>>> print(open('data.txt').read())   # compact mmCIF, C-alpha atoms
# COMPACT_ATOMS: atom_id res chain seq x y z
CA MET A 28 12.65 -15.17 -4.09
CA THR A 29 11.29 -16.60 -7.34
CA ALA A 30 14.23 -19.00 -7.74
CA LEU A 31 14.14 -19.97 -4.06
CA ILE A 32 10.44 -20.87 -4.13
CA PHE A 33 10.97 -22.84 -7.35
CA LEU A 34 13.94 -24.81 -5.98
CA ASP A 35 12.67 -25.68 -2.49
CA PRO A 36 9.80 -28.26 -2.46
CA ARG A 37 8.74 -27.17 1.05
CA LEU A 38 7.69 -23.79 -0.37
CA HIS A 39 5.45 -25.33 -3.04
CA THR A 40 2.26 -24.08 -1.37
CA PRO A 41 -0.38 -21.63 -2.63
CA MET A 42 0.91 -18.76 -0.48
CA TYR A 43 4.47 -19.07 -1.77
CA PHE A 44 3.29 -19.74 -5.31
CA LEU A 45 1.49 -16.37 -5.20
CA LEU A 46 4.55 -14.81 -3.58
CA SER A 47 6.76 -16.06 -6.42
CA GLN A 48 4.50 -14.29 -8.90
CA LEU A 49 4.61 -11.11 -6.80
CA SER A 50 8.42 -11.25 -6.86
CA LEU A 51 8.44 -11.79 -10.64
CA MET A 52 6.06 -8.86 -11.13
CA ASP A 53 8.23 -6.65 -8.92
CA LEU A 54 11.28 -7.57 -10.98
CA MET A 55 9.57 -6.71 -14.27
CA TYR A 56 7.85 -3.71 -12.70
CA ILE A 57 11.04 -2.00 -11.58
CA SER A 58 12.83 -3.02 -14.81
CA SER A 59 10.29 -1.13 -16.92
CA THR A 60 11.20 2.28 -15.49
CA VAL A 61 14.39 2.38 -13.40
CA PRO A 62 16.99 1.34 -16.06
CA LYS A 63 15.82 4.05 -18.50
CA MET A 64 15.67 6.56 -15.68
CA ALA A 65 19.24 5.66 -14.63
CA ILE A 66 20.52 5.93 -18.22
CA ASN A 67 18.94 9.37 -18.59
CA PHE A 68 20.43 10.51 -15.31
CA LEU A 69 23.95 9.23 -16.03
CA SER A 70 24.13 10.23 -19.70
CA GLY A 71 22.27 13.54 -19.44
CA GLN A 72 20.22 12.67 -22.57
CA LYS A 73 16.67 12.84 -21.25
CA SER A 74 14.73 11.66 -24.29
CA ILE A 75 12.49 8.74 -25.23
CA SER A 76 10.65 7.88 -28.44
CA PHE A 77 6.86 7.63 -28.66
CA LEU A 78 7.20 3.87 -29.21
CA GLY A 79 9.55 3.57 -26.24
CA CYS A 80 7.11 5.55 -24.12
CA GLY A 81 4.26 3.26 -25.15
CA VAL A 82 6.26 0.10 -24.40
CA GLN A 83 7.33 1.46 -21.01
CA SER A 84 3.75 2.38 -20.11
CA PHE A 85 2.44 -1.00 -21.26
CA PHE A 86 4.76 -3.00 -19.01
CA PHE A 87 4.44 -0.57 -16.11
CA LEU A 88 0.63 -0.60 -16.19
CA THR A 89 0.50 -4.38 -16.73
CA MET A 90 2.65 -5.01 -13.67
CA ALA A 91 0.81 -2.38 -11.60
CA GLY A 92 -2.63 -3.84 -12.32
CA SER A 93 -1.48 -7.46 -11.99
CA GLU A 94 0.31 -6.79 -8.70
CA GLY A 95 -2.80 -5.17 -7.23
CA LEU A 96 -4.81 -8.31 -8.02
CA ILE A 97 -2.07 -10.65 -6.76
CA LEU A 98 -1.94 -8.79 -3.43
CA ALA A 99 -5.72 -9.24 -3.16
CA SER A 100 -5.31 -12.96 -3.91
CA MET A 101 -2.66 -13.24 -1.18
CA ALA A 102 -5.02 -11.56 1.30
CA TYR A 103 -7.77 -14.05 0.37
CA ASP A 104 -5.27 -16.90 0.84
CA ARG A 105 -4.47 -15.72 4.40
CA PHE A 106 -8.19 -15.19 5.10
CA VAL A 107 -9.04 -18.78 4.16
CA ALA A 108 -5.96 -20.24 5.92
CA ILE A 109 -6.74 -18.55 9.24
CA CYS A 110 -10.53 -18.19 9.25
CA HIS A 111 -11.46 -21.41 7.41
CA PRO A 112 -8.46 -23.77 7.79
CA LEU A 113 -10.49 -26.94 7.13
CA HIS A 114 -11.68 -25.53 3.78
CA TYR A 115 -8.21 -24.36 2.74
CA PRO A 116 -7.24 -27.39 0.56
CA ILE A 117 -10.47 -26.95 -1.44
CA ARG A 118 -10.70 -23.16 -1.67
CA MET A 119 -6.99 -22.73 -2.40
CA SER A 120 -6.33 -25.77 -4.57
CA LYS A 121 -3.60 -25.70 -7.22
CA ARG A 122 -6.25 -25.16 -9.87
CA MET A 123 -7.76 -22.18 -8.04
CA CYS A 124 -4.30 -20.73 -7.42
CA LEU A 125 -3.47 -21.06 -11.11
CA LYS A 126 -6.73 -19.30 -12.03
CA MET A 127 -5.88 -16.42 -9.70
CA ILE A 128 -2.43 -16.00 -11.22
CA LEU A 129 -3.56 -16.26 -14.85
CA GLY A 130 -6.47 -13.92 -14.13
CA SER A 131 -4.14 -11.33 -12.58
CA TRP A 132 -1.73 -11.37 -15.54
CA THR A 133 -4.52 -11.38 -18.15
CA LEU A 134 -6.62 -8.60 -16.63
CA GLY A 135 -3.52 -6.51 -15.97
CA SER A 136 -2.48 -6.84 -19.64
CA ILE A 137 -5.95 -5.98 -20.98
CA ASN A 138 -6.13 -2.91 -18.73
CA SER A 139 -2.67 -1.85 -19.86
CA VAL A 140 -3.54 -2.10 -23.57
CA SER A 141 -6.60 0.11 -23.09
CA HIS A 142 -4.47 2.85 -21.48
CA THR A 143 -1.45 2.69 -23.77
CA PHE A 144 -3.59 4.22 -26.53
CA TYR A 145 -2.60 7.63 -25.17
CA ILE A 146 0.32 7.54 -27.65
CA LEU A 147 -2.30 8.08 -30.38
CA LEU A 148 -3.44 11.38 -28.88
CA PRO A 149 -2.39 14.56 -30.75
CA TYR A 150 0.48 16.38 -29.02
CA CYS A 151 0.82 19.98 -30.15
CA ARG A 152 2.20 21.46 -26.94
CA SER A 153 5.61 21.02 -25.36
CA ARG A 154 6.79 17.42 -25.49
CA ALA A 155 8.76 17.74 -22.25
CA ILE A 156 7.30 15.17 -19.82
CA ASN A 157 7.26 16.59 -16.30
CA HIS A 158 8.14 13.22 -14.76
CA PHE A 159 10.97 10.69 -14.69
CA PHE A 160 8.99 8.09 -16.68
CA CYS A 161 6.01 8.01 -19.06
CA ASP A 162 3.28 8.26 -16.44
CA VAL A 163 -0.26 8.48 -17.83
CA PRO A 164 -1.35 11.74 -16.09
CA ALA A 165 1.89 13.46 -17.18
CA MET A 166 1.42 12.34 -20.79
CA VAL A 167 -2.29 13.23 -20.98
CA HIS A 168 -1.47 16.72 -19.69
CA LEU A 169 0.53 17.35 -22.90
CA ALA A 170 -2.33 16.45 -25.28
CA CYS A 171 -3.97 19.31 -27.23
CA MET A 172 -7.51 17.90 -27.14
CA ASP A 173 -10.19 17.33 -24.55
CA THR A 174 -9.18 14.12 -22.75
CA TRP A 175 -12.08 13.77 -20.30
CA VAL A 176 -13.10 10.39 -21.77
CA TYR A 177 -9.60 9.02 -21.36
CA GLU A 178 -9.31 10.46 -17.83
CA TYR A 179 -12.65 8.85 -16.95
CA MET A 180 -11.23 5.51 -18.13
CA VAL A 181 -8.20 6.03 -15.89
CA PHE A 182 -10.51 6.77 -12.95
CA VAL A 183 -12.61 3.63 -13.55
CA SER A 184 -9.48 1.53 -13.99
CA THR A 185 -8.03 2.84 -10.72
CA VAL A 186 -11.23 1.98 -8.88
CA VAL A 187 -11.37 -1.54 -10.35
CA PHE A 188 -7.68 -2.48 -10.08
CA LEU A 189 -6.65 -0.54 -6.97
CA LEU A 190 -9.54 0.66 -4.81
CA LEU A 191 -11.73 -2.47 -4.97
CA PRO A 192 -8.82 -4.88 -4.29
CA PHE A 193 -7.71 -2.60 -1.46
CA LEU A 194 -11.20 -2.72 0.07
CA GLY A 195 -11.22 -6.51 -0.36
CA ILE A 196 -7.85 -6.76 1.37
CA THR A 197 -9.06 -4.52 4.22
CA VAL A 198 -12.16 -6.69 4.77
CA SER A 199 -10.12 -9.92 4.57
CA TYR A 200 -7.60 -8.76 7.14
CA GLY A 201 -10.38 -7.39 9.32
CA TRP A 202 -11.80 -10.92 9.57
CA VAL A 203 -8.30 -12.34 9.99
CA LEU A 204 -7.49 -10.03 12.92
CA TYR A 205 -10.86 -10.88 14.49
CA ALA A 206 -10.02 -14.59 14.23
CA VAL A 207 -6.45 -14.06 15.49
CA PHE A 208 -7.60 -12.32 18.68
CA HIS A 209 -9.89 -15.26 19.44
CA MET A 210 -7.18 -17.91 19.03
CA HIS A 211 -6.40 -19.97 22.13
CA SER A 212 -2.82 -20.74 21.06
CA LYS A 213 -0.45 -17.90 21.89
CA GLU A 214 2.14 -19.22 19.40
CA GLY A 215 -0.45 -19.53 16.62
CA ARG A 216 -1.73 -16.04 17.35
CA LYS A 217 1.79 -14.63 17.16
CA LYS A 218 2.57 -16.42 13.87
CA ALA A 219 -0.69 -15.32 12.23
CA PHE A 220 -0.25 -11.73 13.39
CA THR A 221 3.34 -11.63 12.06
CA THR A 222 2.27 -12.93 8.65
CA CYS A 223 -0.63 -10.48 8.39
CA SER A 224 1.40 -7.48 9.54
CA THR A 225 3.98 -8.28 6.83
CA HIS A 226 1.31 -8.33 4.12
CA LEU A 227 -0.34 -5.16 5.42
CA THR A 228 2.99 -3.33 5.36
CA VAL A 229 3.48 -4.19 1.69
CA VAL A 230 -0.13 -3.33 0.83
CA THR A 231 0.06 0.08 2.53
CA PHE A 232 3.29 1.07 0.78
CA TYR A 233 1.87 0.01 -2.58
CA TYR A 234 -1.77 1.10 -2.60
CA ALA A 235 -1.77 4.36 -0.62
CA PRO A 236 0.43 6.49 -2.95
CA PHE A 237 -1.06 4.84 -6.07
CA VAL A 238 -4.67 5.56 -5.09
CA TYR A 239 -3.85 9.10 -3.98
CA THR A 240 -2.05 9.85 -7.27
CA TYR A 241 -4.66 8.49 -9.68
CA LEU A 242 -7.90 9.33 -7.85
CA ARG A 243 -7.15 12.98 -7.16
CA PRO A 244 -9.07 15.53 -9.25
CA LYS A 245 -7.05 17.11 -12.03
CA THR A 246 -7.20 20.51 -10.32
CA LEU A 247 -5.45 19.14 -7.21
CA ARG A 248 -2.59 17.37 -9.00
CA SER A 249 0.95 18.55 -8.50
CA PRO A 250 3.84 17.25 -10.68
CA ALA A 251 6.24 17.56 -7.74
CA GLU A 252 3.95 15.48 -5.49
CA ASP A 253 3.41 12.90 -8.23
CA LYS A 254 7.15 12.38 -8.58
CA ILE A 255 7.63 11.90 -4.84
CA LEU A 256 4.71 9.48 -4.57
CA ALA A 257 5.89 7.57 -7.65
CA VAL A 258 9.14 6.74 -5.85
CA PHE A 259 7.12 4.70 -3.32
CA TYR A 260 5.26 2.45 -5.77
CA ILE A 261 7.93 2.32 -8.50
CA ILE A 262 11.15 1.89 -6.51
CA LEU A 263 10.59 1.54 -2.76
CA THR A 264 7.88 -1.16 -2.72
CA PRO A 265 9.50 -3.54 -5.27
CA MET A 266 12.81 -3.12 -3.42
CA LEU A 267 11.33 -3.78 0.04
CA ASN A 268 9.06 -6.71 -0.87
CA PRO A 269 11.80 -9.39 -1.07
CA ILE A 270 13.43 -8.04 2.10
CA ILE A 271 10.17 -8.00 4.05
CA TYR A 272 9.11 -11.46 2.92
CA SER A 273 12.53 -13.05 3.49
CA LEU A 274 13.93 -11.48 6.66
CA ARG A 275 10.62 -11.76 8.53
CA ASN A 276 9.87 -15.34 7.45
CA LYS A 277 11.54 -18.32 9.12
CA GLU A 278 10.39 -20.72 6.37
CA VAL A 279 12.05 -18.58 3.68
CA LEU A 280 15.25 -18.24 5.72
CA GLY A 281 15.28 -22.00 6.25
CA ALA A 282 14.74 -22.62 2.53
CA MET A 283 17.57 -20.20 1.76
CA GLY A 284 19.92 -22.24 3.95
CA ARG A 285 18.85 -25.51 2.34
CA VAL A 286 19.21 -24.19 -1.21
CA CYS A 287 22.64 -22.67 -0.44
CA GLY A 288 23.65 -26.04 0.99
CA MET A 289 22.61 -27.76 -2.25
CA PHE A 290 25.05 -25.65 -4.29
CA SER A 291 27.89 -25.42 -1.79
CA PRO A 292 31.00 -27.55 -2.53
CA ARG A 293 31.32 -30.77 -0.55
CA LYS A 294 34.38 -32.73 0.47
CA GLU A 295 34.52 -36.31 -0.72
>>> encode(input="data.txt", output="structure tokens")
Amino acid sequence: MTALIFLDPRLHTPMYFLLSQLSLMDLMYISSTVPKMAINFLSGQKSISFLGCGVQSFFFLTMAGSEGLILASMAYDRFVAICHPLHYPIRMSKRMCLKMILGSWTLGSINSVSHTFYILLPYCRSRAINHFFCDVPAMVHLACMDTWVYEYMVFVSTVVFLLLPFLGITVSYGWVLYAVFHMHSKEGRKKAFTTCSTHLTVVTFYYAPFVYTYLRPKTLRSPAEDKILAVFYIILTPMLNPIIYSLRNKEVLGAMGRVCGMFSPRKE
């Protein structure tokens, strides 16, 4: 998806520019956890260094926070395009789009740095992580000191980077659906509804398990549940995003055909 949007000039629009960043984040997101998990599974050596754990958590949390903000930016893009089409060139200019992208990456990185400090906590209990990657709740559970301050930071971070963007997305699509149902063009209504349903599918798969995992009280957490929910936002969502955005989008399918035609051999 990232290469396709870069190569096809017809996809050089704010929506696809944001989508290219989402695809890049998904690629880095899944690469921060799945390769190590696969190596551990195939080799049987289930170990990771403290430094490796910190690096994995940094990239995972950076991508998680950045992706949450990018999804909110994409919802705002659809809101402006459908509800205020005449203002779209101004509200979603290249400069504004660039600010959204840089802001998502920057804020996601800052949030990640603040949470990766868990590697400095004293660990005097078992060092067996009850998870298939260095998840923050699983790591904090092993610390031998009171971690309420750190857990409060995790709660605030989840609200800021997951819950607030999710509420913003819900409000945006609420206005979008209201505008769609009042459209006179049946074709335009169908196209807008298809685009919004695609975004909402991705948002639901991403936010719901994340919010449930990180906003639950410590007394209600279950390692088995956390592992199952983690599969949705670590593996399933990054895997489904390119499929959802390509197979359900005629513009992307058309661009795919044009790009493949550019590189296919021609007879002279």
>>> atom_distance(input="data.txt", atom1="CA of Ser249 in chain A", atom2="CA of Phe182 in chain A")
17.0 Å
>>> atom_distance(input="data.txt", atom1="CA of Pro192 in chain A", atom2="CA of Leu45 in chain A")
15.5 Å
>>> residues_near_point(input="data.txt", point="(5.3, 13.6, -7.7)", cutoff="12 Å", atoms="only C-alpha atoms", output="PDB file with C-alpha atoms, in the frame of the given file")
ATOM      1  CA  ASN A 157       7.260  16.590 -16.300  1.00  0.00           C
ATOM      2  CA  HIS A 158       8.140  13.220 -14.760  1.00  0.00           C
ATOM      3  CA  PHE A 159      10.970  10.690 -14.690  1.00  0.00           C
ATOM      4  CA  PHE A 160       8.990   8.090 -16.680  1.00  0.00           C
ATOM      5  CA  ASP A 162       3.280   8.260 -16.440  1.00  0.00           C
ATOM      6  CA  PRO A 164      -1.350  11.740 -16.090  1.00  0.00           C
ATOM      7  CA  ALA A 165       1.890  13.460 -17.180  1.00  0.00           C
ATOM      8  CA  PRO A 236       0.430   6.490  -2.950  1.00  0.00           C
ATOM      9  CA  PHE A 237      -1.060   4.840  -6.070  1.00  0.00           C
ATOM     10  CA  TYR A 239      -3.850   9.100  -3.980  1.00  0.00           C
ATOM     11  CA  THR A 240      -2.050   9.850  -7.270  1.00  0.00           C
ATOM     12  CA  TYR A 241      -4.660   8.490  -9.680  1.00  0.00           C
ATOM     13  CA  ARG A 248      -2.590  17.370  -9.000  1.00  0.00           C
ATOM     14  CA  SER A 249       0.950  18.550  -8.500  1.00  0.00           C
ATOM     15  CA  PRO A 250       3.840  17.250 -10.680  1.00  0.00           C
ATOM     16  CA  ALA A 251       6.240  17.560  -7.740  1.00  0.00           C
ATOM     17  CA  GLU A 252       3.950  15.480  -5.490  1.00  0.00           C
ATOM     18  CA  ASP A 253       3.410  12.900  -8.230  1.00  0.00           C
ATOM     19  CA  LYS A 254       7.150  12.380  -8.580  1.00  0.00           C
ATOM     20  CA  ILE A 255       7.630  11.900  -4.840  1.00  0.00           C
ATOM     21  CA  LEU A 256       4.710   9.480  -4.570  1.00  0.00           C
ATOM     22  CA  ALA A 257       5.890   7.570  -7.650  1.00  0.00           C
ATOM     23  CA  VAL A 258       9.140   6.740  -5.850  1.00  0.00           C
ATOM     24  CA  PHE A 259       7.120   4.700  -3.320  1.00  0.00           C
ATOM     25  CA  TYR A 260       5.260   2.450  -5.770  1.00  0.00           C
ATOM     26  CA  ILE A 261       7.930   2.320  -8.500  1.00  0.00           C
TER      27      ILE A 261
END
>>> atom_distance(input="data.txt", atom1="CA of Arg118 in chain A", atom2="CA of Val279 in chain A")
23.8 Å
>>> closest_residue(input="data.txt", among="A:Leu267, A:Leu113, A:Val107, A:Leu147", to="Leu54 in chain A", atoms="only C-alpha atoms")
A:Leu267
>>> residues_around(input="data.txt", residues="Phe87 in chain A", least_positions_apart="6", cutoff="9 Å", atoms="all atoms listed in the file", output="list in words")
Met55, Tyr56, Ile57, Ser58, Ser59, Thr60, Ser139, Asp162 and Ile261 of chain A
>>> closest_residue(input="data.txt", among="A:Val230, A:Ile32, A:Val203, A:Ile271", to="His111 in chain A", atoms="all atoms listed in the file")
A:Val203
>>> build_atoms(input="data.txt", residues="range 171-182 of chain A", atoms="all heavy atoms", output="short mmCIF file (atom, residue, chain, number, x, y, z; two decimals), in the coordinates of the input")
data_model
loop_
_atom_site.label_atom_id
_atom_site.label_comp_id
_atom_site.auth_asym_id
_atom_site.auth_seq_id
_atom_site.Cartn_x
_atom_site.Cartn_y
_atom_site.Cartn_z
N CYS A 171 -3.31 18.04 -26.84
CA CYS A 171 -3.97 19.31 -27.23
C CYS A 171 -5.42 19.06 -27.61
O CYS A 171 -5.94 19.67 -28.54
CB CYS A 171 -3.21 19.97 -28.36
SG CYS A 171 -3.00 18.94 -29.81
N MET A 172 -6.09 18.15 -26.93
CA MET A 172 -7.51 17.90 -27.14
C MET A 172 -8.15 17.60 -25.80
O MET A 172 -7.47 17.38 -24.79
CB MET A 172 -7.72 16.71 -28.11
CG MET A 172 -7.17 15.40 -27.59
SD MET A 172 -7.59 13.98 -28.62
CE MET A 172 -9.34 13.79 -28.26
N ASP A 173 -9.47 17.62 -25.78
CA ASP A 173 -10.19 17.33 -24.55
C ASP A 173 -10.05 15.84 -24.24
O ASP A 173 -10.44 14.99 -25.04
CB ASP A 173 -11.67 17.69 -24.72
CG ASP A 173 -12.42 17.63 -23.40
OD1 ASP A 173 -11.81 17.26 -22.38
OD2 ASP A 173 -13.63 17.97 -23.39
N THR A 174 -9.49 15.52 -23.09
CA THR A 174 -9.18 14.12 -22.75
C THR A 174 -10.07 13.61 -21.61
O THR A 174 -9.67 12.68 -20.90
CB THR A 174 -7.70 14.00 -22.34
OG1 THR A 174 -7.45 14.88 -21.23
CG2 THR A 174 -6.78 14.35 -23.49
N TRP A 175 -11.25 14.17 -21.43
CA TRP A 175 -12.08 13.77 -20.30
C TRP A 175 -12.49 12.30 -20.39
O TRP A 175 -12.61 11.62 -19.35
CB TRP A 175 -13.31 14.68 -20.19
CG TRP A 175 -14.36 14.44 -21.23
CD1 TRP A 175 -14.49 15.05 -22.43
CD2 TRP A 175 -15.45 13.51 -21.15
NE1 TRP A 175 -15.57 14.57 -23.12
CE2 TRP A 175 -16.18 13.62 -22.34
CE3 TRP A 175 -15.88 12.59 -20.18
CZ2 TRP A 175 -17.31 12.84 -22.60
CZ3 TRP A 175 -16.99 11.82 -20.43
CH2 TRP A 175 -17.71 11.96 -21.64
N VAL A 176 -12.71 11.81 -21.61
CA VAL A 176 -13.10 10.39 -21.77
C VAL A 176 -11.97 9.49 -21.31
O VAL A 176 -12.17 8.52 -20.57
CB VAL A 176 -13.47 10.09 -23.24
CG1 VAL A 176 -13.73 8.60 -23.42
CG2 VAL A 176 -14.69 10.90 -23.67
N TYR A 177 -10.76 9.82 -21.74
CA TYR A 177 -9.60 9.02 -21.36
C TYR A 177 -9.37 9.10 -19.85
O TYR A 177 -9.07 8.09 -19.20
CB TYR A 177 -8.36 9.51 -22.11
CG TYR A 177 -7.15 8.65 -21.90
CD1 TYR A 177 -6.97 7.49 -22.66
CD2 TYR A 177 -6.21 8.97 -20.94
CE1 TYR A 177 -5.87 6.69 -22.46
CE2 TYR A 177 -5.11 8.16 -20.74
CZ TYR A 177 -4.94 7.03 -21.49
OH TYR A 177 -3.84 6.23 -21.29
N GLU A 178 -9.51 10.29 -19.27
CA GLU A 178 -9.31 10.46 -17.83
C GLU A 178 -10.38 9.71 -17.04
O GLU A 178 -10.10 9.18 -15.95
CB GLU A 178 -9.33 11.94 -17.47
CG GLU A 178 -8.11 12.70 -17.97
CD GLU A 178 -8.19 14.19 -17.68
OE1 GLU A 178 -8.97 14.57 -16.78
OE2 GLU A 178 -7.48 14.96 -18.34
N TYR A 179 -11.59 9.63 -17.60
CA TYR A 179 -12.65 8.85 -16.95
C TYR A 179 -12.28 7.36 -16.96
O TYR A 179 -12.52 6.64 -15.97
CB TYR A 179 -13.97 9.08 -17.66
CG TYR A 179 -15.14 8.34 -17.05
CD1 TYR A 179 -15.71 8.76 -15.85
CD2 TYR A 179 -15.66 7.20 -17.68
CE1 TYR A 179 -16.77 8.07 -15.29
CE2 TYR A 179 -16.72 6.51 -17.12
CZ TYR A 179 -17.27 6.94 -15.93
OH TYR A 179 -18.33 6.25 -15.38
N MET A 180 -11.68 6.89 -18.06
CA MET A 180 -11.23 5.51 -18.13
C MET A 180 -10.15 5.23 -17.08
O MET A 180 -10.15 4.18 -16.45
CB MET A 180 -10.67 5.21 -19.53
CG MET A 180 -11.71 5.09 -20.62
SD MET A 180 -10.94 4.92 -22.25
CE MET A 180 -9.91 3.49 -22.00
N VAL A 181 -9.25 6.18 -16.90
CA VAL A 181 -8.20 6.03 -15.89
C VAL A 181 -8.82 5.94 -14.49
O VAL A 181 -8.41 5.13 -13.66
CB VAL A 181 -7.20 7.21 -15.95
CG1 VAL A 181 -6.22 7.17 -14.78
CG2 VAL A 181 -6.43 7.18 -17.27
N PHE A 182 -9.83 6.77 -14.24
CA PHE A 182 -10.51 6.77 -12.95
C PHE A 182 -11.19 5.41 -12.69
O PHE A 182 -11.04 4.82 -11.61
CB PHE A 182 -11.54 7.90 -12.90
CG PHE A 182 -12.34 7.94 -11.63
CD1 PHE A 182 -11.84 8.58 -10.51
CD2 PHE A 182 -13.59 7.35 -11.55
CE1 PHE A 182 -12.55 8.63 -9.33
CE2 PHE A 182 -14.32 7.38 -10.37
CZ PHE A 182 -13.81 8.02 -9.25
#
